[in-house]
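A.B. asks: This is the structure I want to talk about, given as structure tokens.
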Amino acid sequence: MADKKKNPVTEGKKSFNWPDKIFGAAVLILSILVFLIIAYPLWFIIIASISNSNMVNLGKVTFLPKDIRFYGYQQIMDDARIWMGYANTILYVVAGRILNMAVTMPAAYALSRRNFKARNKVMFYFVFTMFFSGGLVPLYMTVSSLGLISTKTILILFVAVNTYNLIIARTFIENSIPEDLYEAAVLDGCSHFNYFVKVVLPLSKAVISVLILYYAVFHWNDFFNALLFNSNAKNAPLQIILREILLLNQAFSSGVGGVQGGYAQGAADQVKYAVIIVSTLPILCVYPFIQKYFEKGVMIGAVKG
């Protein structure tokens with residue numbers, strides 16, 4: 001009987017089956033390991049915030065909470081300043097984001113136009129601010145001369161545009177939106193404004209979503225500017241109030257303050273962990289809904305060009 005002819009394509013696929021499976025399994029195991037390494041600290045903070053602080057300090061709390069108690073959350077939520085801080089921070093995040101995007105996207109579009117002859121010079125001035133600044137004292141004097149000290153306006157206006165985010169948006173528009181669309185729009189009598197609103201913005205949803213999250217995280221976590229420019233307790237954002245709670249709690253646990261200066265010493269760490277959860281939970285809830293835009297929005301905008 002004649003030997004059966006071997007199909008080289010089939011043989012090639014069979015020869016690569018096992019290596020591919022081994023590689024896939026290795027990548028899966030490594031991904032799970034990296035996920036556990038990243039997720040465990042957050043999980044530990046969650047279980048420590050509802051566990052007996054003495055057991056946490058003794059190392060008895062590892063994977064599951066023990067002697068569950070919500071004293072830390074109760075003390076934080078009973079503080080009226082928390083709700084005022086939440087309201088102020090939400091105002092700063094919403095108004096600040098609107099201002100940031102209203103400045104960033106038009107500037108990115110203008111700097112992405114190749115027929116804008118001065119775009120490289122203008123971009124140089126933006127990039128220059130990433131490496132050099134006038135310092136805190138001149139900055140404070142400038143803000144003071146404008147009459148914005150201890151006002152909510154300064155916490156909204158400050159950092160109207162982030163240069164790094166501007167570069168991402170400009171590169172995205174320049175490399176991801178075909179020039180043919182602009183030429184076709186010009187033939188139809190479309191102005192730059194109409195082209196930007198009707199073409200550029202709808203096609204830039206990915207990068208817009210990413211930048212909105214970046215700016216939201218910045219405004220949510222911003223406490224230094226509030227610490228520097230604000231002395232009015234009514235304008236304090238959430239991060240400043242949580243910082244004050246931690247400082248008062250730390251002073252009491254070290255024997256400096258009185259009963260009014262902090263919370264029970266036995267629950268000092270519980271309050272600390274609860275503060276971390278309260279300050280990060282809203283951003284953690286928003287992030288999964290925008291995560292799908294990160295690869296398309298950031299990688300295209302940052303790698304090309």
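A note on labels: chains of the structure tokens are A, B, ... as shown, every chain counts residues from 1, and ligands are counted from 1 in their shown order.
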List the spatial neighbours of Val103 of chain A as a PyMOL selection string - criterion: any atom at most 10 Å away, only C-alpha atoms, same-chain residues fewer than 3 positions off excluded.
C.D. replies: chain A and resi 97-100+106-108+160-162+166
A.B. asks: Hey, which bits of segment 227-252 of chain A sit within 12 Å of segment 80-86 of chain A, and for each residue what's the closest pair of atoms and how far apart in Å (one decimal), counting only C-alpha atoms, rows by chain and increasing number, as a tab-separated table?
C.D. replies:
```
residue	atom	partner	partner_atom	distance
A:Ala233	CA	A:Arg81	CA	9.0
A:Lys234	CA	A:Met84	CA	7.5
A:Asn235	CA	A:Gly85	CA	7.9
A:Ala236	CA	A:Gly85	CA	6.1
A:Pro237	CA	A:Gly85	CA	4.6
A:Leu238	CA	A:Gly85	CA	4.0
A:Gln239	CA	A:Gly85	CA	7.6
A:Ile240	CA	A:Gly85	CA	8.0
A:Ile241	CA	A:Gly85	CA	6.5
A:Leu242	CA	A:Ile82	CA	7.6
A:Arg243	CA	A:Ile82	CA	11.1
A:Glu244	CA	A:Arg81	CA	10.2
A:Ile245	CA	A:Ile82	CA	9.7
```
A.B. asks: Write out as a ChimeraX atom specification the set of residues from segment 45-233 of chain A that DSSP, computed on the backbone, places in alpha helix (DSSP H).
C.D. replies: /A:45-49,53-57,71-77,80-112,119-131,136-145,152-157,163-176,179-187,192-195,201-203,205-221,224-229
A.B. asks: As a ChimeraX atom specification, please: the residues near segment 217-226 of chain A (cut-off 10 Å, only C-alpha atoms, same-chain neighbours under 4 positions excluded).
C.D. replies: /A:86,89-97,149-152,154-156,158-159,211-213,230-232,235-243,279-280,282-283,287
A.B. asks: What would the file look like if the residues just selected were written as a short mmCIF file (atom, residue, chain, number, x, y, z; two decimals), in the first residue's frame with N, CA, C and O atoms?
C.D. replies:
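And here's result_31.cif as it stands now:
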```
data_model
loop_
_atom_site.label_atom_id
_atom_site.label_comp_id
_atom_site.auth_asym_id
_atom_site.auth_seq_id
_atom_site.Cartn_x
_atom_site.Cartn_y
_atom_site.Cartn_z
N TYR A 86 -18.42 66.15 50.76
CA TYR A 86 -18.88 65.44 49.57
C TYR A 86 -19.54 66.42 48.59
O TYR A 86 -19.30 66.38 47.38
N THR A 89 -16.87 68.62 46.98
CA THR A 89 -16.04 67.87 46.04
C THR A 89 -16.80 67.56 44.77
O THR A 89 -16.24 67.65 43.66
N ILE A 90 -18.06 67.18 44.88
CA ILE A 90 -18.86 66.91 43.68
C ILE A 90 -18.99 68.17 42.83
O ILE A 90 -18.90 68.11 41.59
N LEU A 91 -19.15 69.31 43.47
CA LEU A 91 -19.20 70.58 42.74
C LEU A 91 -17.89 70.83 42.01
O LEU A 91 -17.88 71.19 40.82
N TYR A 92 -16.76 70.64 42.71
CA TYR A 92 -15.45 70.87 42.08
C TYR A 92 -15.20 69.89 40.94
O TYR A 92 -14.63 70.27 39.91
N VAL A 93 -15.62 68.64 41.11
CA VAL A 93 -15.40 67.63 40.08
C VAL A 93 -16.23 67.94 38.83
O VAL A 93 -15.71 67.94 37.71
N VAL A 94 -17.50 68.24 39.02
CA VAL A 94 -18.39 68.48 37.88
C VAL A 94 -18.02 69.78 37.16
O VAL A 94 -17.80 69.78 35.93
N ALA A 95 -17.93 70.88 37.90
CA ALA A 95 -17.61 72.17 37.28
C ALA A 95 -16.19 72.17 36.72
O ALA A 95 -15.94 72.70 35.63
N GLY A 96 -15.26 71.57 37.46
CA GLY A 96 -13.88 71.52 37.00
C GLY A 96 -13.72 70.71 35.73
O GLY A 96 -12.98 71.08 34.82
N ARG A 97 -14.42 69.58 35.65
CA ARG A 97 -14.36 68.74 34.45
C ARG A 97 -14.90 69.47 33.23
O ARG A 97 -14.34 69.39 32.14
N ILE A 149 -8.56 83.93 46.91
CA ILE A 149 -8.21 83.15 48.09
C ILE A 149 -9.47 82.83 48.90
O ILE A 149 -10.34 83.68 49.09
N SER A 150 -9.56 81.59 49.37
CA SER A 150 -10.69 81.12 50.18
C SER A 150 -12.03 81.23 49.45
O SER A 150 -13.06 81.55 50.03
N THR A 151 -11.99 80.96 48.15
CA THR A 151 -13.22 80.91 47.35
C THR A 151 -13.31 79.57 46.65
O THR A 151 -12.30 78.90 46.41
N LYS A 152 -14.53 79.17 46.30
CA LYS A 152 -14.71 77.93 45.55
C LYS A 152 -14.22 78.07 44.11
O LYS A 152 -13.87 77.09 43.46
N ILE A 154 -11.46 79.34 42.86
CA ILE A 154 -10.08 78.98 42.60
C ILE A 154 -9.89 77.47 42.50
O ILE A 154 -9.09 76.97 41.72
N LEU A 155 -10.68 76.72 43.28
CA LEU A 155 -10.57 75.26 43.25
C LEU A 155 -11.18 74.67 41.98
O LEU A 155 -10.94 73.50 41.66
N ILE A 156 -11.98 75.47 41.27
CA ILE A 156 -12.53 75.05 39.98
C ILE A 156 -11.62 75.50 38.85
O ILE A 156 -11.35 74.76 37.90
N PHE A 158 -8.39 76.39 39.00
CA PHE A 158 -6.97 76.00 39.05
C PHE A 158 -6.74 74.74 38.21
O PHE A 158 -7.50 73.78 38.27
N VAL A 159 -5.66 74.77 37.43
CA VAL A 159 -5.32 73.70 36.47
C VAL A 159 -6.49 73.51 35.49
O VAL A 159 -7.11 72.46 35.40
N LEU A 211 -10.07 61.31 29.29
CA LEU A 211 -9.67 62.59 29.88
C LEU A 211 -10.65 63.03 30.96
O LEU A 211 -10.24 63.63 31.96
N ILE A 212 -11.93 62.73 30.77
CA ILE A 212 -12.91 63.05 31.81
C ILE A 212 -12.57 62.32 33.10
O ILE A 212 -12.63 62.89 34.19
N LEU A 213 -12.19 61.05 32.98
CA LEU A 213 -11.82 60.29 34.17
C LEU A 213 -10.54 60.84 34.79
O LEU A 213 -10.45 60.98 36.02
N ASN A 230 -7.23 77.79 50.42
CA ASN A 230 -8.52 77.91 51.11
C ASN A 230 -8.34 77.85 52.62
O ASN A 230 -7.67 76.97 53.14
N SER A 231 -8.95 78.78 53.31
CA SER A 231 -8.96 78.76 54.77
C SER A 231 -10.39 78.80 55.31
O SER A 231 -10.59 78.89 56.52
N ASN A 232 -11.35 78.74 54.41
CA ASN A 232 -12.76 78.74 54.80
C ASN A 232 -13.25 77.30 54.90
O ASN A 232 -13.24 76.56 53.91
N ASN A 235 -15.76 75.77 52.42
CA ASN A 235 -15.35 75.45 51.05
C ASN A 235 -14.44 74.23 50.98
O ASN A 235 -13.98 73.87 49.90
N ALA A 236 -14.19 73.60 52.11
CA ALA A 236 -13.23 72.49 52.16
C ALA A 236 -13.75 71.28 51.40
O ALA A 236 -14.90 70.87 51.59
N PRO A 237 -12.93 70.68 50.53
CA PRO A 237 -13.33 69.46 49.85
C PRO A 237 -13.25 68.26 50.77
O PRO A 237 -12.75 68.35 51.90
N LEU A 238 -13.69 67.13 50.29
CA LEU A 238 -13.74 65.92 51.12
C LEU A 238 -12.36 65.51 51.61
O LEU A 238 -12.21 65.08 52.76
N GLN A 239 -11.35 65.62 50.76
CA GLN A 239 -10.02 65.16 51.14
C GLN A 239 -9.45 65.95 52.32
O GLN A 239 -8.77 65.39 53.19
N ILE A 240 -9.73 67.23 52.37
CA ILE A 240 -9.27 68.06 53.50
C ILE A 240 -9.96 67.63 54.78
O ILE A 240 -9.34 67.53 55.85
N ILE A 241 -11.25 67.37 54.71
CA ILE A 241 -12.00 66.96 55.90
C ILE A 241 -11.53 65.59 56.39
O ILE A 241 -11.35 65.38 57.60
N LEU A 242 -11.31 64.67 55.47
CA LEU A 242 -10.80 63.36 55.86
C LEU A 242 -9.40 63.48 56.46
O LEU A 242 -9.05 62.76 57.41
N ARG A 243 -8.61 64.38 55.94
CA ARG A 243 -7.27 64.61 56.51
C ARG A 243 -7.37 65.13 57.93
O ARG A 243 -6.62 64.70 58.81
N SER A 279 -13.05 57.65 50.79
CA SER A 279 -12.46 58.58 49.84
C SER A 279 -12.24 57.97 48.45
O SER A 279 -12.15 58.70 47.46
N THR A 280 -12.13 56.65 48.36
CA THR A 280 -11.83 56.01 47.07
C THR A 280 -13.01 55.30 46.44
O THR A 280 -12.98 55.02 45.24
N PRO A 282 -16.18 56.11 45.48
CA PRO A 282 -16.86 56.67 44.30
C PRO A 282 -16.07 56.51 43.01
O PRO A 282 -16.63 56.16 41.97
N ILE A 283 -14.75 56.75 43.06
CA ILE A 283 -13.93 56.61 41.85
C ILE A 283 -13.85 55.15 41.43
O ILE A 283 -13.87 54.83 40.22
N TYR A 287 -14.88 53.86 37.61
CA TYR A 287 -13.81 53.39 36.73
C TYR A 287 -14.22 52.23 35.81
O TYR A 287 -13.89 52.26 34.62
#
```
A.B. asks: Nearest residue to Phe193 of chain A out of A:Met105, A:Thr129, A:Gln75, A:Phe44, using only C-alpha atoms?
C.D. replies: A:Met105
A.B. asks: Produce a table with one row for each residue of segment 9-121 of chain A that has an atom at most 12 Å from any atom of segment 183-192 of chain A, each row naming the nearest atom pair and its distance in Å at one decimal; use only C-alpha atoms; arrange rows by chain and rising residue number; format as a tab-separated table.
C.D. replies:
```
residue	atom	partner	partner_atom	distance
A:Pro106	CA	A:His192	CA	10.4
A:Tyr109	CA	A:His192	CA	9.5
A:Ala110	CA	A:His192	CA	9.2
A:Arg113	CA	A:His192	CA	10.2
```
A.B. asks: Set the distance at 10 Å and use only C-alpha atoms: which residues neighbour Lys66 of chain A once local chain neighbours fewer than 5 positions away are removed? I'd like the list as a compact mmCIF listing (two decimals) with N, CA, C and O atoms, in the first residue's frame.
C.D. replies:
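Full text of selection21.txt as output:
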```
# COMPACT_ATOMS: atom_id res chain seq x y z
N ILE A 47 -11.62 44.67 54.58
CA ILE A 47 -11.91 43.81 55.73
C ILE A 47 -11.36 44.39 57.02
O ILE A 47 -11.94 44.18 58.10
N ALA A 48 -10.26 45.14 56.93
CA ALA A 48 -9.70 45.75 58.15
C ALA A 48 -10.59 46.88 58.65
O ALA A 48 -10.64 47.15 59.86
N ILE A 50 -13.75 46.89 58.81
CA ILE A 50 -14.92 46.37 59.53
C ILE A 50 -14.53 45.30 60.54
O ILE A 50 -15.40 44.60 61.07
N SER A 51 -13.24 45.16 60.81
CA SER A 51 -12.77 44.16 61.77
C SER A 51 -12.30 44.83 63.05
O SER A 51 -12.05 46.04 63.08
N ASN A 52 -12.17 44.03 64.08
CA ASN A 52 -11.63 44.52 65.35
C ASN A 52 -10.19 44.96 65.12
O ASN A 52 -9.36 44.19 64.65
N SER A 53 -9.89 46.22 65.44
CA SER A 53 -8.57 46.77 65.16
C SER A 53 -7.47 46.03 65.92
O SER A 53 -6.33 45.95 65.46
N MET A 55 -7.36 42.77 66.49
CA MET A 55 -7.05 41.58 65.71
C MET A 55 -6.25 41.93 64.45
O MET A 55 -5.40 41.17 64.02
N VAL A 56 -6.55 43.09 63.88
CA VAL A 56 -5.79 43.53 62.69
C VAL A 56 -4.34 43.78 63.07
O VAL A 56 -3.41 43.36 62.37
N LYS A 60 -4.18 38.78 62.84
CA LYS A 60 -5.15 37.69 62.76
C LYS A 60 -6.15 37.87 61.62
O LYS A 60 -6.90 36.96 61.30
N VAL A 61 -6.17 39.05 61.03
CA VAL A 61 -7.07 39.33 59.90
C VAL A 61 -6.24 39.26 58.62
O VAL A 61 -5.35 40.09 58.39
```
A.B. asks: So that I can see what lies close to Asp269 of chain A, please list as a list of chain:residue names the residues with an atom at most 8 Å from it, counting only C-alpha atoms and leaving out residues fewer than 3 positions away in the same chain.
C.D. replies: A:Ser49, A:Ser53, A:Gly266, A:Lys272, A:Tyr273
A.B. asks: Of the candidates A:Val275, A:Ile177, A:Ala26, A:Ile32, which shows the shortest atom-to-atom distance to Pro202 of chain A, using only C-alpha atoms?
C.D. replies: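 So, comparing all the options, the nearest one is A:Ile177.
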